[in-house]
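Trainee: One file is attached below, final32.cif, containing mmCIF, C-alpha atoms.
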```
data_data
#
loop_
_atom_site.label_atom_id
_atom_site.label_comp_id
_atom_site.auth_asym_id
_atom_site.auth_seq_id
_atom_site.Cartn_x
_atom_site.Cartn_y
_atom_site.Cartn_z
CA MET A 1 47.65 -26.99 165.73
CA ARG A 2 48.21 -28.23 169.27
CA LEU A 3 45.07 -28.18 171.38
CA ASP A 4 44.08 -29.15 174.91
CA ALA A 5 40.77 -30.88 174.21
CA HIS A 6 39.43 -30.78 177.75
CA GLN A 7 39.77 -28.27 180.58
CA HIS A 8 37.56 -26.14 182.81
CA PHE A 9 37.17 -22.60 184.12
CA TRP A 10 35.14 -21.46 187.07
CA ASN A 11 34.51 -18.53 189.36
CA TYR A 12 34.11 -20.43 192.60
CA THR A 13 33.92 -17.26 194.70
CA GLU A 14 30.64 -16.22 193.10
CA ASN A 15 29.13 -19.65 192.34
CA ALA A 16 30.22 -22.06 195.07
CA ASP A 17 26.72 -23.51 195.48
CA ASP A 18 26.69 -24.65 191.86
CA PHE A 19 29.63 -27.01 192.35
CA VAL A 20 27.82 -29.74 194.22
CA TRP A 21 30.43 -32.29 193.15
CA MET A 22 33.28 -30.33 194.74
CA THR A 23 33.39 -32.06 198.12
CA ASP A 24 35.78 -31.16 200.95
CA ASP A 25 38.38 -33.69 199.81
CA LEU A 26 38.65 -31.59 196.64
CA GLY A 27 39.40 -28.45 198.62
CA VAL A 28 42.31 -27.46 196.37
CA LEU A 29 39.75 -26.86 193.64
CA GLN A 30 37.59 -24.55 195.74
CA GLN A 31 39.04 -21.38 194.29
CA ASN A 32 38.83 -19.46 191.03
CA PHE A 33 40.46 -20.89 187.88
CA LEU A 34 40.31 -18.46 184.99
CA PRO A 35 41.82 -18.01 181.50
CA ALA A 36 44.58 -15.79 182.87
CA ASP A 37 45.69 -18.72 185.04
CA LEU A 38 45.76 -21.20 182.17
CA ALA A 39 47.26 -18.98 179.46
CA PRO A 40 50.89 -19.18 180.68
CA LEU A 41 50.56 -22.95 181.13
CA LEU A 42 49.33 -23.34 177.56
CA ALA A 43 52.17 -21.18 176.28
CA ALA A 44 54.81 -23.10 178.23
CA ALA A 45 53.45 -26.37 176.82
CA ASN A 46 53.39 -24.98 173.27
CA MET A 47 49.62 -25.43 173.08
CA ASP A 48 47.73 -23.16 170.69
CA GLY A 49 44.47 -23.23 172.57
CA CYS A 50 41.91 -25.24 174.47
CA ILE A 51 38.35 -26.48 174.59
CA ALA A 52 36.51 -25.25 177.70
CA VAL A 53 34.12 -27.86 179.06
CA GLN A 54 31.22 -27.29 181.44
CA ALA A 55 31.67 -27.99 185.14
CA ARG A 56 28.26 -26.84 186.45
CA GLU A 57 24.87 -28.30 185.61
CA VAL A 58 23.18 -24.97 185.00
CA GLN A 59 22.57 -23.33 181.65
CA ALA A 60 24.28 -20.18 182.92
CA GLU A 61 27.48 -22.23 182.62
CA THR A 62 27.16 -22.22 178.84
CA ASP A 63 26.76 -18.45 178.75
CA TYR A 64 29.66 -17.98 181.17
CA LEU A 65 32.06 -20.05 179.08
CA LEU A 66 30.95 -18.39 175.85
CA ASP A 67 31.57 -14.99 177.41
CA LEU A 68 35.08 -16.12 178.36
CA ALA A 69 35.68 -17.42 174.84
CA ALA A 70 34.62 -14.09 173.35
CA SER A 71 37.38 -12.27 175.21
CA ASN A 72 40.08 -14.96 175.34
CA PRO A 73 41.31 -16.20 171.94
CA VAL A 74 43.01 -19.24 173.46
CA ILE A 75 39.56 -20.71 174.06
CA LYS A 76 38.87 -22.31 170.70
CA GLY A 77 35.55 -23.86 171.61
CA VAL A 78 33.03 -24.48 174.36
CA VAL A 79 31.24 -27.65 175.45
CA GLY A 80 28.31 -26.29 177.40
CA TRP A 81 25.42 -27.61 179.44
CA VAL A 82 21.72 -27.68 178.76
CA ASP A 83 19.07 -29.92 180.27
CA LEU A 84 18.82 -32.43 177.47
CA CYS A 85 16.05 -34.21 179.34
CA ALA A 86 13.78 -31.17 179.18
CA PRO A 87 10.76 -31.63 176.89
CA ASP A 88 11.47 -28.23 175.32
CA VAL A 89 15.22 -28.79 174.96
CA GLU A 90 15.37 -27.39 171.42
CA ALA A 91 14.01 -24.07 172.64
CA HIS A 92 16.99 -23.87 175.00
CA ILE A 93 19.50 -24.71 172.25
CA GLU A 94 18.12 -22.46 169.50
CA PRO A 95 19.43 -19.18 170.99
CA TYR A 96 22.97 -20.48 170.41
CA THR A 97 22.57 -21.27 166.71
CA ASP A 98 24.62 -18.23 165.69
CA THR A 99 27.35 -18.82 168.27
CA PRO A 100 30.22 -20.58 166.48
CA ALA A 101 32.26 -20.93 169.69
CA LEU A 102 29.69 -23.41 171.01
CA LYS A 103 30.77 -26.83 169.80
CA GLY A 104 28.60 -29.19 171.81
CA PHE A 105 27.05 -30.14 175.12
CA ARG A 106 27.63 -32.51 178.01
CA MET A 107 25.64 -33.90 180.90
CA LEU A 108 27.22 -35.60 183.92
CA ILE A 109 26.18 -39.15 183.08
CA HIS A 110 28.68 -40.65 185.50
CA ASP A 111 27.02 -38.88 188.44
CA ARG A 112 23.61 -40.44 187.77
CA GLU A 113 22.47 -43.29 189.98
CA ASP A 114 20.91 -45.02 186.98
CA ALA A 115 23.67 -46.85 185.09
CA ASP A 116 21.36 -46.83 182.07
CA PHE A 117 20.79 -43.08 182.05
CA ALA A 118 22.70 -42.59 178.77
CA ASP A 119 20.07 -44.31 176.64
CA SER A 120 17.06 -43.45 178.79
CA ALA A 121 14.21 -42.13 176.67
CA GLU A 122 14.41 -38.52 177.88
CA HIS A 123 18.19 -38.23 177.55
CA ALA A 124 18.33 -39.99 174.19
CA ARG A 125 15.64 -37.69 172.84
CA GLY A 126 17.64 -34.64 173.89
CA VAL A 127 20.90 -35.92 172.44
CA ALA A 128 19.08 -36.73 169.21
CA SER A 129 18.23 -33.03 168.85
CA LEU A 130 21.90 -31.99 168.68
CA ALA A 131 22.53 -33.11 165.11
CA LYS A 132 19.95 -30.58 163.89
CA PHE A 133 22.17 -27.84 165.28
CA GLY A 134 25.48 -29.37 164.21
CA LEU A 135 26.59 -29.96 167.80
CA SER A 136 28.67 -32.76 169.31
CA TYR A 137 28.13 -34.62 172.58
CA ASP A 138 30.74 -35.42 175.24
CA LEU A 139 30.10 -38.75 176.96
CA LEU A 140 31.19 -38.48 180.60
CA LEU A 141 31.17 -42.10 181.73
CA ARG A 142 32.57 -44.72 184.02
CA THR A 143 32.94 -48.35 183.01
CA ILE A 144 29.49 -49.23 184.31
CA HIS A 145 27.89 -46.72 181.92
CA LEU A 146 29.51 -48.04 178.75
CA PRO A 147 26.76 -50.54 177.79
CA SER A 148 24.09 -47.84 177.96
CA ALA A 149 26.32 -45.40 176.08
CA ILE A 150 26.84 -47.94 173.31
CA ARG A 151 23.09 -48.34 172.95
CA LEU A 152 22.74 -44.54 172.76
CA VAL A 153 25.40 -44.33 170.07
CA ASP A 154 23.79 -47.15 168.11
CA SER A 155 20.50 -45.26 168.09
CA LEU A 156 22.20 -42.13 166.70
CA PRO A 157 24.76 -43.23 164.09
CA ASP A 158 25.09 -39.74 162.60
CA GLN A 159 25.67 -37.91 165.91
CA PRO A 160 29.32 -37.07 166.72
CA PHE A 161 30.35 -38.35 170.18
CA VAL A 162 33.55 -38.23 172.19
CA VAL A 163 34.23 -40.30 175.32
CA ASP A 164 35.74 -38.14 178.05
CA HIS A 165 38.65 -39.39 180.19
CA ILE A 166 38.79 -42.81 178.48
CA ALA A 167 35.58 -43.59 180.45
CA LYS A 168 37.34 -43.34 183.83
CA PRO A 169 38.48 -46.93 184.45
CA LYS A 170 39.50 -47.85 187.98
CA MET A 171 43.26 -47.63 187.90
CA ASP A 172 43.61 -50.45 190.42
CA GLY A 173 42.58 -52.79 187.61
CA SER A 174 39.42 -54.01 189.30
CA ASP A 175 37.21 -53.25 186.29
CA TRP A 176 39.85 -53.83 183.63
CA LYS A 177 38.08 -56.56 181.65
CA ALA A 178 34.72 -54.80 181.60
CA TRP A 179 36.36 -51.48 180.69
CA GLN A 180 38.52 -52.99 177.97
CA PHE A 181 35.59 -54.81 176.41
CA GLY A 182 33.35 -51.74 176.59
CA MET A 183 35.92 -49.43 175.03
CA GLN A 184 36.70 -51.89 172.27
CA GLU A 185 32.99 -52.15 171.52
CA ILE A 186 32.19 -48.44 171.54
CA ALA A 187 35.23 -47.79 169.34
CA LYS A 188 33.65 -49.94 166.62
CA ARG A 189 31.24 -47.05 166.07
CA PRO A 190 33.05 -44.63 163.72
CA ASN A 191 31.14 -41.60 165.06
CA VAL A 192 32.77 -42.01 168.51
CA LEU A 193 36.14 -40.51 169.46
CA CYS A 194 38.04 -40.59 172.76
CA LYS A 195 39.85 -38.08 174.98
CA LEU A 196 43.14 -39.08 176.59
CA SER A 197 42.44 -37.16 179.76
CA GLY A 198 41.49 -37.59 183.40
CA LEU A 199 44.06 -40.30 184.05
CA VAL A 200 45.93 -39.01 187.09
CA THR A 201 42.83 -38.31 189.14
CA GLU A 202 41.62 -41.90 188.74
CA ALA A 203 44.90 -43.16 190.21
CA ASP A 204 46.47 -42.66 193.62
CA TRP A 205 46.92 -38.89 193.72
CA SER A 206 50.17 -39.02 195.63
CA ALA A 207 51.75 -42.20 194.31
CA TRP A 208 50.75 -42.67 190.66
CA GLN A 209 53.26 -43.90 188.11
CA ALA A 210 53.13 -42.96 184.43
CA ALA A 211 53.82 -46.56 183.40
CA SER A 212 50.57 -47.72 185.01
CA PHE A 213 48.58 -45.82 182.39
CA THR A 214 50.28 -47.50 179.43
CA PRO A 215 47.96 -50.54 179.16
CA TYR A 216 44.94 -48.23 179.11
CA LEU A 217 46.44 -45.89 176.53
CA ASP A 218 47.56 -48.84 174.41
CA THR A 219 44.05 -50.27 174.53
CA VAL A 220 42.35 -47.13 173.26
CA LEU A 221 45.06 -46.59 170.65
CA GLU A 222 44.44 -50.04 169.22
CA ALA A 223 40.66 -49.62 169.43
CA PHE A 224 40.26 -46.07 168.08
CA GLY A 225 43.47 -45.35 166.20
CA PRO A 226 45.34 -42.05 166.62
CA GLU A 227 43.01 -40.20 164.26
CA ARG A 228 40.20 -40.61 166.81
CA LEU A 229 42.20 -39.77 169.95
CA MET A 230 42.83 -36.32 171.45
CA ILE A 231 44.89 -35.16 174.41
CA GLY A 232 43.21 -33.31 177.26
CA SER A 233 44.53 -32.02 180.58
CA ASP A 234 41.32 -31.88 182.62
CA TRP A 235 42.89 -28.81 184.25
CA PRO A 236 42.37 -27.70 186.97
CA VAL A 237 40.95 -31.01 188.22
CA CYS A 238 44.25 -32.64 187.31
CA THR A 239 46.00 -30.49 189.93
CA LEU A 240 44.67 -32.85 192.58
CA ALA A 241 47.41 -35.22 191.43
CA ALA A 242 49.77 -33.40 189.03
CA ASP A 243 50.55 -30.03 187.53
CA TYR A 244 49.53 -29.08 184.00
CA GLN A 245 52.75 -29.93 182.17
CA THR A 246 53.24 -33.21 184.00
CA THR A 247 49.69 -34.23 183.11
CA LEU A 248 50.23 -33.55 179.41
CA ASP A 249 53.61 -35.30 179.50
CA ILE A 250 51.97 -38.61 180.42
CA VAL A 251 50.29 -38.76 177.02
CA SER A 252 52.90 -36.95 174.94
CA THR A 253 55.70 -39.19 176.23
CA TRP A 254 53.64 -42.31 175.66
CA ALA A 255 52.82 -41.14 172.12
CA GLY A 256 56.49 -40.49 171.35
CA ARG A 257 56.85 -43.91 169.75
CA LEU A 258 54.23 -43.07 167.12
CA SER A 259 54.85 -41.38 163.78
CA ALA A 260 54.94 -37.61 163.55
CA THR A 261 51.57 -37.64 161.78
CA GLU A 262 49.99 -39.80 164.47
CA GLN A 263 51.40 -37.64 167.24
CA ALA A 264 50.11 -34.51 165.53
CA ALA A 265 46.62 -36.00 165.44
CA ILE A 266 46.63 -36.84 169.15
CA MET A 267 48.19 -33.53 170.18
CA GLY A 268 45.61 -31.39 168.43
CA GLY A 269 44.68 -32.45 164.92
CA THR A 270 41.89 -34.78 165.99
CA CYS A 271 40.48 -32.17 168.37
CA ALA A 272 40.56 -29.46 165.70
CA LYS A 273 38.68 -31.64 163.25
CA PHE A 274 36.10 -32.91 165.74
CA TYR A 275 35.29 -29.50 167.23
CA SER A 276 35.73 -27.59 163.94
CA VAL A 277 38.59 -25.43 165.15
CA SER A 278 40.61 -23.52 162.57
#
```
Will you turn the file into structure tokens for me?

Mentor:
Amino acid sequence: MRLDAHQHFWNYTENADDFVWMTDDLGVLQQNFLPADLAPLLAAANMDGCIAVQAREVQAETDYLLDLAASNPVIKGVVGWVDLCAPDVEAHIEPYTDTPALKGFRMLIHDREDADFADSAEHARGVASLAKFGLSYDLLLRTIHLPSAIRLVDSLPDQPFVVDHIAKPKMDGSDWKAWQFGMQEIAKRPNVLCKLSGLVTEADWSAWQAASFTPYLDTVLEAFGPERLMIGSDWPVCTLAADYQTTLDIVSTWAGRLSATEQAAIMGGTCAKFYSVS
């Protein structure tokens, strides 16, 4: 099974105020992106489905994505949002216990001013509640957040985690050593996987070169191994710098030197296993 492990849907027309991160320089994203828009792109790329990931920090986002999944078979799973810092977080999660399309949750760690938010007491307590419900957690990080994320992971060795967008290193190389060290360290924890996504939007949107991503992809391949890596488009955010197929081609072309089994893992097998997609 070939799966896009990371993409988004939104109805911007009706919910513009919820997208506080969508500043004017991201104007191309200030429109609706729905399953009907992605379906032909998935088909053209020979992808069997996708994982829809939250883009708004409101619990209504979870319900919205689950509603889309119920009527669009290409959506194989949903990573929703809930306030994991809320003292009654379990009461907010419990209504979804009989919703198999919900695979996990995510908070926007990389937008927090506190670089140590990941293992802050309130957040760690909320993430710790996920295992009870059999849910995963997507770690949305930048390099500066990796130390805190590692401490969080160490406190929850049985919780499944996946690092989104290879932790968003600065593609000018300015944080290379810190990023490389952090990713090598977090990869030592067997309950942590990594998404090969979000690359083009961390580079120069108009002048990126596929070859510039190779050292980063090689690093995570060596650290995690192909069985813990999964391809993701980050569509439609990727359209700031590249179209859907071109974005996927960065990873699929790079992975072409690997064995057929290893490529199959990266192109969907790992995602299917992690998010329990059949």

Trainee: Just want the 6 Å neighbourhood of region 224-232 of chain A, counted on all atoms listed in the file, with same-chain residues fewer than 6 positions away dropped. Output as an NGL selection string.

Mentor: :A and (4-6 or 187 or 193-197 or 262 or 265-267 or 270-271)

Trainee: A:Val28, A:Met22, A:Ala223, A:Ala45: which is nearest Ile166 (chain A), counting only C-alpha atoms?

Mentor: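 For Ile166 (chain A), the nearest of the candidates is A:Ala223.
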
Trainee: Residues proximal to (21.4, -45.8, 169.5) were defined as those with any atom within 12 Å of that point in the file's coordinates, counting all atoms listed in the file. Which are they, as number ranges by chain?

Mentor: A: 118-121, 123-125, 127-128, 147-159, 161, 186, 189, 191

Trainee: Counting all atoms listed in the file, which residues in region 27-98 of chain A sit no more than 12 Å from region 139-143 of chain A? For each one, give the nearest pair of atoms and the distance in Å, sorted by chain then residue number, as a Markdown table.

Mentor:
```
| residue | atom | partner | partner_atom | distance |
| --- | --- | --- | --- | --- |
| A:Val53 | CA | A:Leu140 | CA | 11.1 |
| A:Gln54 | CA | A:Leu140 | CA | 11.2 |
| A:Ala55 | CA | A:Leu140 | CA | 11.4 |
| A:Val79 | CA | A:Leu139 | CA | 11.3 |
```

Trainee: Could you tell me which residues the PyMOL selection byres ((chain A and resi 240-244) around 10) grabs in this file, written as number ranges by chain?

Mentor: A: 25-29, 38, 41-42, 44-45, 199-208, 233-239, 245-249

Trainee: List as a PyMOL selection string the protein and nucleic acid residues near Tyr96 (chain A), meaning an atom at most 12 Å away when only C-alpha atoms are counted, but skip any in the same chain fewer than 4 places from it.

Mentor: chain A and resi 59+62-63+66+78+80-82+90-92+100-105+130+133-135

Trainee: Have a look at A:Val220, A:Ile75, A:Met183, A:Ala264 and name the one nearest to Gly49 (chain A); count only C-alpha atoms.

Mentor: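 Checking each of A:Val220, A:Ile75, A:Met183, A:Ala264 against Gly49 (chain A), counting only C-alpha atoms, the winner is A:Ile75.
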
Trainee: Just to confirm, what's the straight-line distance from CA of Phe117 (chain A) to CA of Asp164 (chain A) in Å (one decimal)?

Mentor: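 According to the coordinates, CA of Phe117 (chain A) and CA of Asp164 (chain A) are separated by 16.2 Å.
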
Trainee: For region 11-20 of chain A, list every protein, DNA or RNA residue within 8 Å, evaluated using only C-alpha atoms, and leave out those in the same chain fewer than 6 positions away; present the list as an MDAnalysis selection string.

Mentor: chainID A and resid 30:34 55:58

Trainee: Could you pull the residues within 10 Å of Ser278 (chain A), counting all atoms listed in the file, minus those fewer than 5 positions along the same chain, as JSON, numbers by chain?

Mentor: {"A": [1, 76, 272, 273]}
